[in-house]
>>> print(open('structure.pdb').read())   # PDB, C-alpha atoms
ATOM      1  CA  MET A1431     -17.798 -30.427   8.010
ATOM      2  CA  LYS A1432     -14.388 -28.809   8.456
ATOM      3  CA  LEU A1433     -13.542 -25.795   6.306
ATOM      4  CA  THR A1434     -10.461 -26.045   4.132
ATOM      5  CA  THR A1435      -9.716 -22.414   4.960
ATOM      6  CA  PRO A1436     -10.992 -20.927   8.257
ATOM      7  CA  GLN A1437     -13.362 -17.998   7.814
ATOM      8  CA  THR A1438     -13.823 -14.880   9.933
ATOM      9  CA  LEU A1439     -17.115 -13.928  11.538
ATOM     10  CA  GLU A1440     -17.076 -10.758   9.452
ATOM     11  CA  ALA A1441     -16.720 -12.677   6.168
ATOM     12  CA  ILE A1442     -19.492 -15.159   6.958
ATOM     13  CA  ALA A1443     -21.840 -12.368   8.098
ATOM     14  CA  LYS A1444     -21.283 -10.566   4.815
ATOM     15  CA  MET A1445     -21.847 -13.745   2.809
ATOM     16  CA  ILE A1446     -25.303 -14.423   4.283
ATOM     17  CA  GLY A1447     -26.347 -10.878   5.183
ATOM     18  CA  ALA A1448     -26.489 -11.533   8.943
ATOM     19  CA  ASN A1449     -25.727  -9.227  11.856
ATOM     20  CA  ALA A1450     -22.505 -10.236  13.619
ATOM     21  CA  VAL A1451     -22.163 -10.113  17.401
ATOM     22  CA  GLY A1452     -18.592 -10.591  18.559
ATOM     23  CA  ASP A1453     -15.047 -10.025  17.359
ATOM     24  CA  PRO A1454     -15.097  -9.522  13.558
ATOM     25  CA  LYS A1455     -11.886 -11.595  13.341
ATOM     26  CA  HIS A1456     -13.398 -14.486  15.339
ATOM     27  CA  LEU A1457     -12.560 -17.651  13.376
ATOM     28  CA  ILE A1458     -14.970 -20.315  12.113
ATOM     29  CA  THR A1459     -13.239 -23.588  11.277
ATOM     30  CA  GLY A1460     -16.223 -25.846  10.620
ATOM     31  CA  ILE A1461     -19.977 -25.994   9.996
ATOM     32  CA  ASN A1462     -21.983 -28.674  11.795
ATOM     33  CA  GLU A1463     -25.477 -29.377  13.034
ATOM     34  CA  ILE A1464     -26.059 -29.723  16.756
ATOM     35  CA  HIS A1465     -25.390 -33.472  17.076
ATOM     36  CA  LYS A1466     -21.847 -33.185  15.722
ATOM     37  CA  VAL A1467     -20.500 -29.767  16.746
ATOM     38  CA  GLU A1468     -16.940 -29.245  17.976
ATOM     39  CA  THR A1469     -14.927 -26.223  19.079
ATOM     40  CA  GLY A1470     -14.558 -23.836  16.147
ATOM     41  CA  ASP A1471     -17.820 -24.931  14.507
ATOM     42  CA  LEU A1472     -20.806 -22.864  13.435
ATOM     43  CA  VAL A1473     -24.237 -24.269  14.336
ATOM     44  CA  PHE A1474     -27.714 -22.930  13.569
ATOM     45  CA  VAL A1475     -30.781 -22.677  15.818
ATOM     46  CA  ASP A1476     -34.164 -21.168  14.996
ATOM     47  CA  HIS A1477     -36.479 -22.179  17.841
ATOM     48  CA  PRO A1478     -36.441 -20.910  21.450
ATOM     49  CA  LYS A1479     -36.756 -24.503  22.690
ATOM     50  CA  TYR A1480     -33.225 -25.199  21.453
ATOM     51  CA  TYR A1481     -31.507 -21.857  22.146
ATOM     52  CA  GLU A1482     -29.865 -23.021  25.376
ATOM     53  CA  LYS A1483     -28.664 -26.290  23.841
ATOM     54  CA  ALA A1484     -27.023 -24.477  20.924
ATOM     55  CA  LEU A1485     -25.549 -21.658  23.006
ATOM     56  CA  ASN A1486     -24.073 -24.099  25.524
ATOM     57  CA  SER A1487     -22.814 -26.581  22.940
ATOM     58  CA  ALA A1488     -19.212 -26.997  21.837
ATOM     59  CA  ALA A1489     -19.940 -24.725  18.856
ATOM     60  CA  THR A1490     -18.243 -21.337  19.103
ATOM     61  CA  THR A1491     -20.401 -19.538  16.522
ATOM     62  CA  ILE A1492     -24.209 -19.674  16.677
ATOM     63  CA  LEU A1493     -26.397 -18.721  13.724
ATOM     64  CA  ILE A1494     -29.633 -17.703  15.460
ATOM     65  CA  ASP A1495     -32.904 -15.923  14.667
ATOM     66  CA  LYS A1496     -32.894 -13.620  17.701
ATOM     67  CA  GLU A1497     -30.263 -11.482  19.369
ATOM     68  CA  VAL A1498     -29.501 -12.969  22.795
ATOM     69  CA  ASP A1499     -26.702 -12.676  25.312
ATOM     70  CA  CYS A1500     -23.573 -14.051  23.708
ATOM     71  CA  PRO A1501     -21.631 -16.586  25.816
ATOM     72  CA  GLU A1502     -18.047 -15.679  26.582
ATOM     73  CA  GLY A1503     -15.594 -16.753  23.911
ATOM     74  CA  LYS A1504     -18.316 -17.252  21.322
ATOM     75  CA  ALA A1505     -19.944 -15.184  18.569
ATOM     76  CA  LEU A1506     -23.426 -14.842  17.113
ATOM     77  CA  LEU A1507     -24.770 -14.431  13.609
ATOM     78  CA  VAL A1508     -28.298 -13.037  13.853
ATOM     79  CA  SER A1509     -30.505 -13.848  10.869
ATOM     80  CA  SER A1510     -34.232 -14.005  10.126
ATOM     81  CA  GLN A1511     -33.763 -17.365   8.360
ATOM     82  CA  PRO A1512     -30.986 -19.424   9.979
ATOM     83  CA  PHE A1513     -32.042 -22.667   8.256
ATOM     84  CA  HIS A1514     -31.791 -21.171   4.767
ATOM     85  CA  ASP A1515     -28.562 -19.357   5.605
ATOM     86  CA  TYR A1516     -27.037 -22.558   6.984
ATOM     87  CA  ASN A1517     -27.906 -24.332   3.725
ATOM     88  CA  GLN A1518     -26.388 -21.444   1.771
ATOM     89  CA  LEU A1519     -23.127 -21.848   3.673
ATOM     90  CA  THR A1520     -22.894 -25.628   3.303
ATOM     91  CA  ARG A1521     -23.677 -25.415  -0.417
ATOM     92  CA  HIS A1522     -21.014 -22.743  -0.836
ATOM     93  CA  PHE A1523     -18.270 -24.648   0.974
ATOM     94  CA  ASN A1524     -19.296 -28.131  -0.189
ATOM     95  CA  PRO A1525     -21.035 -27.791  -3.571
ATOM     96  CA  PHE A1526     -22.309 -30.734  -5.596
ATOM     97  CA  LEU A1527     -19.810 -31.213  -8.422
ATOM     98  CA  GLY A1528     -21.498 -33.965 -10.426
ATOM     99  CA  TRP A1529     -20.131 -37.421 -11.135
ATOM    100  CA  GLU A1530     -19.346 -37.175 -14.832
ATOM    101  CA  ASN A1531     -15.654 -36.788 -14.071
ATOM    102  CA  SER A1532     -15.242 -37.823 -10.448
ATOM    103  CA  SER A1533     -11.949 -36.559  -9.139
ATOM    104  CA  ASN A1534      -9.859 -37.354  -6.113
ATOM    105  CA  VAL A1535     -10.904 -41.025  -5.996
ATOM    106  CA  MET A1536      -8.487 -43.602  -4.605
ATOM    107  CA  VAL A1537      -8.880 -47.404  -4.877
ATOM    108  CA  GLY A1538      -6.529 -49.705  -2.998
ATOM    109  CA  GLN A1539      -4.555 -52.646  -4.333
ATOM    110  CA  GLY A1540      -6.505 -55.858  -4.803
ATOM    111  CA  THR A1541      -9.913 -54.180  -4.731
ATOM    112  CA  ARG A1542     -12.404 -55.270  -7.391
ATOM    113  CA  LEU A1543     -15.190 -52.991  -8.635
ATOM    114  CA  HIS A1544     -17.684 -54.963 -10.726
ATOM    115  CA  PRO A1545     -19.460 -53.408 -13.739
ATOM    116  CA  LYS A1546     -21.997 -50.641 -13.159
ATOM    117  CA  VAL A1547     -20.543 -49.463  -9.863
ATOM    118  CA  SER A1548     -20.967 -45.667  -9.575
ATOM    119  CA  VAL A1549     -18.470 -43.618  -7.571
ATOM    120  CA  GLY A1550     -18.791 -39.980  -6.507
ATOM    121  CA  GLN A1551     -16.285 -37.315  -5.540
ATOM    122  CA  ARG A1552     -13.584 -37.638  -2.875
ATOM    123  CA  VAL A1553     -14.050 -41.375  -2.353
ATOM    124  CA  ARG A1554     -11.442 -43.609  -0.692
ATOM    125  CA  ILE A1555     -11.647 -47.406  -1.012
ATOM    126  CA  GLY A1556      -9.074 -49.569   0.757
ATOM    127  CA  GLU A1557      -7.338 -52.783  -0.235
ATOM    128  CA  ASP A1558      -8.872 -56.174  -1.099
ATOM    129  CA  CYS A1559     -12.458 -54.923  -1.171
ATOM    130  CA  LEU A1560     -15.207 -56.479  -3.287
ATOM    131  CA  ILE A1561     -17.873 -54.127  -4.648
ATOM    132  CA  TYR A1562     -20.658 -55.888  -6.569
ATOM    133  CA  PRO A1563     -22.653 -54.582  -9.597
ATOM    134  CA  GLY A1564     -25.098 -51.735  -9.142
ATOM    135  CA  VAL A1565     -23.530 -50.324  -5.983
ATOM    136  CA  VAL A1566     -23.660 -46.522  -5.725
ATOM    137  CA  ILE A1567     -20.973 -44.843  -3.624
ATOM    138  CA  GLY A1568     -21.678 -41.157  -3.047
ATOM    139  CA  ASP A1569     -19.436 -38.215  -2.280
ATOM    140  CA  ASP A1570     -17.070 -38.235   0.700
ATOM    141  CA  VAL A1571     -17.273 -41.963   1.430
ATOM    142  CA  THR A1572     -14.302 -43.744   2.999
ATOM    143  CA  ILE A1573     -14.177 -47.548   2.888
ATOM    144  CA  GLY A1574     -11.534 -49.530   4.752
ATOM    145  CA  ASP A1575      -9.766 -52.756   3.796
ATOM    146  CA  ARG A1576     -11.421 -56.118   3.034
ATOM    147  CA  VAL A1577     -14.922 -54.659   2.862
ATOM    148  CA  THR A1578     -17.622 -56.425   0.819
ATOM    149  CA  ILE A1579     -20.643 -54.528  -0.534
ATOM    150  CA  HIS A1580     -23.345 -56.563  -2.268
ATOM    151  CA  PRO A1581     -25.411 -55.555  -5.339
ATOM    152  CA  ASN A1582     -27.567 -52.432  -5.589
ATOM    153  CA  THR A1583     -26.611 -50.947  -2.250
ATOM    154  CA  VAL A1584     -26.393 -47.154  -1.901
ATOM    155  CA  ILE A1585     -23.648 -45.769   0.330
ATOM    156  CA  GLY A1586     -23.809 -42.030   0.944
ATOM    157  CA  GLY A1587     -27.341 -41.011  -0.026
ATOM    158  CA  ASP A1588     -28.736 -37.723   1.260
ATOM    159  CA  ALA A1589     -29.852 -37.402   4.868
ATOM    160  CA  PHE A1590     -33.611 -37.574   5.451
ATOM    161  CA  TYR A1591     -33.691 -34.201   7.174
ATOM    162  CA  TYR A1592     -36.429 -31.615   6.504
ATOM    163  CA  LYS A1593     -37.774 -28.536   8.239
ATOM    164  CA  LYS A1594     -41.385 -27.457   7.796
ATOM    165  CA  ILE A1595     -41.566 -23.771   6.872
ATOM    166  CA  ASP A1596     -44.836 -22.098   5.809
ATOM    167  CA  GLY A1597     -46.482 -25.491   5.363
ATOM    168  CA  GLU A1598     -43.785 -26.930   3.131
ATOM    169  CA  TYR A1599     -40.876 -29.271   3.848
ATOM    170  CA  ASN A1600     -37.499 -27.668   3.171
ATOM    171  CA  LYS A1601     -34.531 -29.982   2.717
ATOM    172  CA  MET A1602     -31.347 -29.706   4.719
ATOM    173  CA  HIS A1603     -28.365 -29.745   2.368
ATOM    174  CA  THR A1604     -26.303 -32.880   3.017
ATOM    175  CA  CYS A1605     -22.541 -32.317   3.147
ATOM    176  CA  GLY A1606     -21.323 -35.017   5.542
ATOM    177  CA  SER A1607     -19.667 -38.375   4.957
ATOM    178  CA  VAL A1608     -19.791 -42.142   5.483
ATOM    179  CA  GLU A1609     -17.002 -44.222   7.020
ATOM    180  CA  ILE A1610     -17.052 -48.005   6.630
ATOM    181  CA  HIS A1611     -14.241 -49.583   8.600
ATOM    182  CA  ASP A1612     -12.156 -52.681   7.864
ATOM    183  CA  ASP A1613     -13.746 -56.129   7.428
ATOM    184  CA  ALA A1614     -17.332 -54.875   7.321
ATOM    185  CA  GLU A1615     -19.868 -56.506   5.018
ATOM    186  CA  ILE A1616     -22.914 -54.726   3.625
ATOM    187  CA  GLY A1617     -25.733 -56.794   2.111
ATOM    188  CA  ALA A1618     -27.729 -56.215  -1.058
ATOM    189  CA  MET A1619     -30.077 -53.237  -1.422
ATOM    190  CA  CYS A1620     -28.962 -51.533   1.776
ATOM    191  CA  THR A1621     -28.980 -47.750   2.193
ATOM    192  CA  ILE A1622     -26.482 -45.908   4.355
ATOM    193  CA  ASP A1623     -27.047 -42.148   4.414
ATOM    194  CA  ARG A1624     -24.312 -39.535   4.685
ATOM    195  CA  GLY A1625     -24.094 -37.434   7.786
ATOM    196  CA  VAL A1626     -25.744 -34.030   7.519
ATOM    197  CA  SER A1627     -22.376 -32.441   8.195
ATOM    198  CA  GLY A1628     -20.581 -35.137  10.215
ATOM    199  CA  ALA A1629     -19.994 -38.841   9.563
ATOM    200  CA  THR A1630     -22.189 -41.924   9.505
ATOM    201  CA  VAL A1631     -19.980 -44.784  10.736
ATOM    202  CA  ILE A1632     -20.054 -48.566  10.312
ATOM    203  CA  GLY A1633     -17.523 -50.106  12.692
ATOM    204  CA  LYS A1634     -14.813 -52.674  12.031
ATOM    205  CA  GLY A1635     -16.122 -56.181  11.396
ATOM    206  CA  SER A1636     -19.814 -55.275  11.494
ATOM    207  CA  LYS A1637     -22.143 -57.194   9.181
ATOM    208  CA  LEU A1638     -25.378 -55.920   7.636
ATOM    209  CA  ASP A1639     -27.847 -58.266   5.954
ATOM    210  CA  ASN A1640     -29.943 -57.302   2.918
ATOM    211  CA  GLN A1641     -32.267 -54.272   2.922
ATOM    212  CA  VAL A1642     -30.886 -52.634   6.054
ATOM    213  CA  HIS A1643     -31.244 -48.862   6.355
ATOM    214  CA  VAL A1644     -28.850 -46.694   8.396
ATOM    215  CA  GLY A1645     -29.786 -43.033   8.837
ATOM    216  CA  HIS A1646     -27.584 -39.948   8.856
ATOM    217  CA  ASP A1647     -24.931 -39.439  11.547
ATOM    218  CA  THR A1648     -25.580 -42.830  13.130
ATOM    219  CA  VAL A1649     -22.484 -44.447  14.626
ATOM    220  CA  ILE A1650     -22.323 -48.257  14.694
ATOM    221  CA  GLY A1651     -19.593 -49.947  16.695
ATOM    222  CA  LYS A1652     -17.402 -52.978  16.038
ATOM    223  CA  ASN A1653     -18.616 -56.516  15.318
ATOM    224  CA  CYS A1654     -22.321 -55.721  15.183
ATOM    225  CA  LEU A1655     -24.759 -58.012  13.369
ATOM    226  CA  PHE A1656     -27.973 -56.688  11.782
ATOM    227  CA  ALA A1657     -30.451 -59.007  10.065
ATOM    228  CA  ALA A1658     -32.654 -58.154   7.074
ATOM    229  CA  GLN A1659     -34.923 -55.101   7.026
ATOM    230  CA  VAL A1660     -33.554 -53.496  10.159
ATOM    231  CA  GLY A1661     -34.314 -49.770  10.038
ATOM    232  CA  ILE A1662     -32.139 -47.326  11.968
ATOM    233  CA  ALA A1663     -32.941 -43.618  12.113
ATOM    234  CA  GLY A1664     -30.443 -40.771  12.192
ATOM    235  CA  CYS A1665     -28.210 -39.800  15.113
ATOM    236  CA  VAL A1666     -28.265 -43.226  16.793
ATOM    237  CA  THR A1667     -25.307 -44.640  18.732
ATOM    238  CA  ILE A1668     -24.954 -48.422  18.622
ATOM    239  CA  GLN A1669     -22.071 -49.740  20.670
ATOM    240  CA  ASP A1670     -19.897 -52.797  19.959
ATOM    241  CA  SER A1671     -21.221 -56.342  19.472
ATOM    242  CA  VAL A1672     -24.914 -55.425  19.246
ATOM    243  CA  ILE A1673     -27.262 -57.840  17.429
ATOM    244  CA  LEU A1674     -30.479 -56.579  15.820
ATOM    245  CA  TRP A1675     -32.609 -59.338  14.333
ATOM    246  CA  GLY A1676     -34.973 -58.910  11.387
ATOM    247  CA  GLN A1677     -37.226 -55.864  11.058
ATOM    248  CA  VAL A1678     -36.111 -54.188  14.272
ATOM    249  CA  GLY A1679     -36.885 -50.456  14.221
ATOM    250  CA  VAL A1680     -34.633 -47.909  15.940
ATOM    251  CA  PRO A1681     -35.678 -44.231  16.398
ATOM    252  CA  SER A1682     -33.301 -41.275  16.436
ATOM    253  CA  ASP A1683     -31.217 -40.099  19.383
ATOM    254  CA  VAL A1684     -31.047 -43.384  21.293
ATOM    255  CA  VAL A1685     -28.068 -45.407  22.501
ATOM    256  CA  ILE A1686     -27.968 -49.208  22.345
ATOM    257  CA  GLY A1687     -25.414 -50.531  24.803
ATOM    258  CA  GLU A1688     -22.597 -52.956  24.098
ATOM    259  CA  GLY A1689     -23.635 -56.566  23.627
ATOM    260  CA  ALA A1690     -27.378 -55.919  23.566
ATOM    261  CA  VAL A1691     -29.544 -58.309  21.520
ATOM    262  CA  VAL A1692     -32.896 -57.156  20.118
ATOM    263  CA  LEU A1693     -35.194 -59.896  18.826
ATOM    264  CA  GLY A1694     -37.056 -59.723  15.512
ATOM    265  CA  GLN A1695     -39.817 -57.185  14.782
ATOM    266  CA  SER A1696     -39.139 -55.285  17.996
ATOM    267  CA  GLY A1697     -39.691 -51.539  18.137
ATOM    268  CA  ILE A1698     -37.188 -49.620  20.237
ATOM    269  CA  THR A1699     -38.516 -46.444  21.877
ATOM    270  CA  LYS A1700     -35.697 -45.495  24.264
ATOM    271  CA  SER A1701     -32.030 -46.186  24.946
ATOM    272  CA  LEU A1702     -31.226 -49.785  25.897
ATOM    273  CA  GLU A1703     -28.698 -51.003  28.453
ATOM    274  CA  GLY A1704     -26.000 -53.311  27.108
ATOM    275  CA  GLY A1705     -25.621 -57.022  27.809
ATOM    276  CA  LYS A1706     -29.352 -57.826  27.798
ATOM    277  CA  THR A1707     -31.860 -59.337  25.357
ATOM    278  CA  TYR A1708     -34.927 -57.305  24.353
ATOM    279  CA  PHE A1709     -38.223 -58.025  22.602
ATOM    280  CA  GLY A1710     -41.508 -56.367  21.722
ATOM    281  CA  SER A1711     -42.842 -52.947  20.851
ATOM    282  CA  PRO A1712     -42.021 -51.017  22.891
ATOM    283  CA  ALA A1713     -38.946 -53.197  23.376
ATOM    284  CA  GLU A1714     -38.362 -54.430  26.933
ATOM    285  CA  GLU A1715     -36.221 -57.138  28.456
ATOM    286  CA  ALA A1716     -37.301 -60.333  26.716
ATOM    287  CA  ARG A1717     -37.913 -62.361  29.878
ATOM    288  CA  HIS A1718     -40.334 -59.702  31.162
ATOM    289  CA  LYS A1719     -42.031 -59.344  27.787
ATOM    290  CA  PHE A1720     -42.551 -63.101  27.370
ATOM    291  CA  ARG A1721     -44.074 -63.282  30.871
ATOM    292  CA  GLU A1722     -46.369 -60.402  29.956
ATOM    293  CA  LEU A1723     -47.478 -62.151  26.753
ATOM    294  CA  ALA A1724     -48.159 -65.368  28.662
ATOM    295  CA  LEU A1725     -50.393 -63.467  31.071
ATOM    296  CA  ILE A1726     -52.221 -61.738  28.228
ATOM    297  CA  ARG A1727     -53.068 -65.130  26.704
ATOM    298  CA  LYS A1728     -54.859 -66.033  29.942
ATOM    299  CA  ILE A1729     -57.215 -63.032  29.796
ATOM    300  CA  PRO A1730     -59.946 -64.739  27.653
ATOM    301  CA  SER A1731     -60.222 -67.679  30.070
ATOM    302  CA  ILE A1732     -60.318 -65.314  33.054
ATOM    303  CA  LEU A1733     -63.139 -63.281  31.457
ATOM    304  CA  GLU A1734     -64.999 -66.479  30.617
ATOM    305  CA  ARG A1735     -64.920 -67.581  34.254
ATOM    306  CA  LEU A1736     -66.120 -64.160  35.416
ATOM    307  CA  THR A1737     -69.131 -64.263  33.118
TER     308      THR A1737
END
>>> encode(input="structure.pdb", output="structure tokens")
Amino acid sequence: MKLTTPQTLEAIAKMIGANAVGDPKHLITGINEIHKVETGDLVFVDHPKYYEKALNSAATTILIDKEVDCPEGKALLVSSQPFHDYNQLTRHFNPFLGWENSSNVMVGQGTRLHPKVSVGQRVRIGEDCLIYPGVVIGDDVTIGDRVTIHPNTVIGGDAFYYKKIDGEYNKMHTCGSVEIHDDAEIGAMCTIDRGVSGATVIGKGSKLDNQVHVGHDTVIGKNCLFAAQVGIAGCVTIQDSVILWGQVGVPSDVVIGEGAVVLGQSGITKSLEGGKTYFGSPAEEARHKFRELALIRKIPSILERLT
């Protein structure tokens, strides 16, 4: 999330009651979680396991729960509750405004919105799109030209992102966006979550069947094809021309290479190289998996001979 007006370290420290380490006039131009940070961004970290990752990231301001050595050119905000303070900042700079009188919505020429389509704040819809009844388009969604979205799909729901504190799950405030590029088609009853603070992306020409879920901050390339009930977690990178057949499950933080094909009901557990076909759970190259299954089928007859 980029800030409309850059903020100084001093101003942000005062806002959340944190101790500032660094130049008081040090500028903060954005607020992002670790997967999406860029130069000028503020990121939070509250566990020693991730200190090094945050401190060495592109972020130039780190909201942290312990005073540590500050990397050159960066600044720290030391707080006892970085998660809560991060939420306070994102809510302040990107508050929920309600949809009763959505403002700053643009709809391109030739686009048809059927009855009972709901549209949030700061939405952009391109030309010659077709949006069917019951579709919900949340805040900060951008849709390109010639996009079709089928009934009862939700674009821009909150990220499924929680942190367990004192035995309870605390929700991360969602302030990111969704980008659906030209010529994409989204089936009925799909859910595409907003990025936590960055963008969830559906690439040009990609097609999603019914009941497909795409998690926060996932980036899907061009001309991908996903069959029904595919489930994709947050922070996944799927490169161009990937095919996921029905009920494939994809966990967070993996990369699926260009041109990969994953056969139905497979469960991916790690990044997959492009240009190959995969099957099974855990998913492996299909030719190896089919050989393995053939051998497994021989086990009963082998045991029978041994006894």
>>> resolve_selection(input="structure.pdb", expression="the PyMOL selection byres ((chain A and resi 1476) around 9)", output="mmCIF file with C-alpha atoms, keeping the file's coordinate frame")
data_model
loop_
_atom_site.group_PDB
_atom_site.id
_atom_site.type_symbol
_atom_site.label_atom_id
_atom_site.label_comp_id
_atom_site.auth_asym_id
_atom_site.auth_seq_id
_atom_site.Cartn_x
_atom_site.Cartn_y
_atom_site.Cartn_z
ATOM 1 C CA PHE A 1474 -27.714 -22.930 13.569
ATOM 2 C CA VAL A 1475 -30.781 -22.677 15.818
ATOM 3 C CA HIS A 1477 -36.479 -22.179 17.841
ATOM 4 C CA PRO A 1478 -36.441 -20.910 21.450
ATOM 5 C CA LYS A 1479 -36.756 -24.503 22.690
ATOM 6 C CA TYR A 1480 -33.225 -25.199 21.453
ATOM 7 C CA TYR A 1481 -31.507 -21.857 22.146
ATOM 8 C CA LEU A 1493 -26.397 -18.721 13.724
ATOM 9 C CA ILE A 1494 -29.633 -17.703 15.460
ATOM 10 C CA ASP A 1495 -32.904 -15.923 14.667
ATOM 11 C CA LYS A 1496 -32.894 -13.620 17.701
ATOM 12 C CA SER A 1510 -34.232 -14.005 10.126
ATOM 13 C CA GLN A 1511 -33.763 -17.365 8.360
ATOM 14 C CA PRO A 1512 -30.986 -19.424 9.979
ATOM 15 C CA PHE A 1513 -32.042 -22.667 8.256
#
>>> atom_distance(input="structure.pdb", atom1="CA of Ala1716 in chain A", atom2="CA of Val1692 in chain A")
8.5 Å
>>> residues_around(input="structure.pdb", residues="range 1633-1642 of chain A", least_positions_apart="3", cutoff="8 Å", atoms="all atoms listed in the file", output="list in words")
Ile1610, His1611, Asp1612, Asp1613, Ala1614, Glu1615, Ile1616, Gly1617, Ala1618, Met1619, Cys1620, Thr1621, Val1649, Ile1650, Gly1651, Lys1652, Asn1653, Cys1654, Leu1655, Phe1656, Ala1657, Ala1658, Gln1659, Val1660 and Gly1661 of chain A
>>> residues_around(input="structure.pdb", residues="range 1447-1464 of chain A", least_positions_apart="2", cutoff="7 Å", atoms="all atoms listed in the file", output="list in words")
Met1431, Lys1432, Leu1433, Pro1436, Gln1437, Thr1438, Leu1439, Glu1440, Ala1443, Lys1444, Met1445, Lys1466, Val1467, Gly1470, Asp1471, Leu1472, Val1473, Phe1474, Ala1484, Ala1505, Leu1506, Leu1507, Val1508, Ser1509, Ser1627 and Gly1628 of chain A
>>> closest_residue(input="structure.pdb", among="A:Ile1698, A:Val1566, A:Ile1573, A:Cys1559", to="Pro1545 in chain A", atoms="only C-alpha atoms")
A:Val1566
>>> closest_residue(input="structure.pdb", among="A:Gly1625, A:Gly1676, A:Pro1563, A:Gly1568", to="Phe1590 in chain A", atoms="all atoms listed in the file")
A:Gly1625
>>> residues_around(input="structure.pdb", residues="Glu1557 in chain A", least_positions_apart="6", cutoff="8 Å", atoms="all atoms listed in the file", output="list of chain:residue names")
A:Val1537, A:Gly1538, A:Gln1539, A:Gly1540, A:Thr1541, A:Gly1574, A:Asp1575, A:Arg1576
>>> closest_residue(input="structure.pdb", among="A:Thr1583, A:Leu1736, A:Asp1569, A:Glu1722", to="Phe1526 in chain A", atoms="all atoms listed in the file")
A:Asp1569
>>> closest_residue(input="structure.pdb", among="A:Asp1596, A:Asp1558, A:Glu1530, A:Glu1715", to="Ala1690 in chain A", atoms="all atoms listed in the file")
A:Glu1715
>>> atom_distance(input="structure.pdb", atom1="CA of Ile1442 in chain A", atom2="CA of Asn1486 in chain A")
21.1 Å
>>> resolve_selection(input="structure.pdb", expression="the PyMOL selection byres ((chain A and resi 1607) around 12)", output="ChimeraX atom specification")
/A:1431-1432,1524,1550-1554,1567-1573,1585-1589,1604-1606,1608-1610,1622-1632,1645-1649
>>> atom_distance(input="structure.pdb", atom1="CA of Leu1560 in chain A", atom2="CA of His1544 in chain A")
8.0 Å
>>> closest_residue(input="structure.pdb", among="A:Ser1533, A:Thr1578, A:Ser1671, A:Thr1491", to="Gly1705 in chain A", atoms="all atoms listed in the file")
A:Ser1671
>>> resolve_selection(input="structure.pdb", expression="the PyMOL selection byres ((chain A and resi 1691) around 8)", output="ChimeraX atom specification")
/A:1672-1675,1689-1690,1692-1693,1705-1708
>>> axis_aligned_box(input="structure.pdb", around="range 1512-1520 of chain A", padding_each_side="3 Å", output="JSON")
{"center_x": -27.5, "center_y": -22.5, "center_z": 5.9, "size_x": 15.1, "size_y": 12.3, "size_z": 14.2}
>>> residues_around(input="structure.pdb", residues="Gly1710 in chain A", least_positions_apart="4", cutoff="8 Å", atoms="all atoms listed in the file", output="tab-separated table (two decimals) with C-alpha atoms, keeping the file's coordinate frame")
chain	number	residue	atom	x	y	z
A	1693	LEU	CA	-35.19	-59.90	18.83
A	1695	GLN	CA	-39.82	-57.18	14.78
A	1696	SER	CA	-39.14	-55.28	18.00
A	1697	GLY	CA	-39.69	-51.54	18.14
A	1714	GLU	CA	-38.36	-54.43	26.93
A	1716	ALA	CA	-37.30	-60.33	26.72
A	1719	LYS	CA	-42.03	-59.34	27.79
>>> closest_residue(input="structure.pdb", among="A:Ala1488, A:Leu1723, A:Ala1713, A:Val1535", to="Val1680 in chain A", atoms="all atoms listed in the file")
A:Ala1713
>>> build_atoms(input="structure.pdb", residues="range 1578-1587 of chain A", atoms="N, CA and C atoms", output="CSV table (one decimal), in the coordinates of the input")
chain,number,residue,atom,x,y,z
A,1578,THR,N,-16.8,-55.9,1.9
A,1578,THR,CA,-17.6,-56.4,0.8
A,1578,THR,C,-18.9,-55.7,0.8
A,1579,ILE,N,-19.4,-55.2,-0.4
A,1579,ILE,CA,-20.6,-54.5,-0.5
A,1579,ILE,C,-21.4,-55.2,-1.7
A,1580,HIS,N,-22.6,-55.7,-1.3
A,1580,HIS,CA,-23.3,-56.6,-2.3
A,1580,HIS,C,-24.2,-55.7,-3.2
A,1581,PRO,N,-24.8,-56.3,-4.2
A,1581,PRO,CA,-25.4,-55.6,-5.3
A,1581,PRO,C,-26.5,-54.6,-4.9
A,1582,ASN,N,-26.5,-53.4,-5.6
A,1582,ASN,CA,-27.6,-52.4,-5.6
A,1582,ASN,C,-27.7,-51.7,-4.2
A,1583,THR,N,-26.6,-51.7,-3.5
A,1583,THR,CA,-26.6,-50.9,-2.2
A,1583,THR,C,-26.2,-49.5,-2.5
A,1584,VAL,N,-26.7,-48.6,-1.8
A,1584,VAL,CA,-26.4,-47.2,-1.9
A,1584,VAL,C,-25.7,-46.7,-0.6
A,1585,ILE,N,-24.4,-46.3,-0.8
A,1585,ILE,CA,-23.6,-45.8,0.3
A,1585,ILE,C,-23.5,-44.3,0.1
A,1586,GLY,N,-24.0,-43.5,1.0
A,1586,GLY,CA,-23.8,-42.0,0.9
A,1586,GLY,C,-24.9,-41.3,0.3
A,1587,GLY,N,-26.2,-41.8,0.4
A,1587,GLY,CA,-27.3,-41.0,0.0
A,1587,GLY,C,-27.6,-39.8,0.9
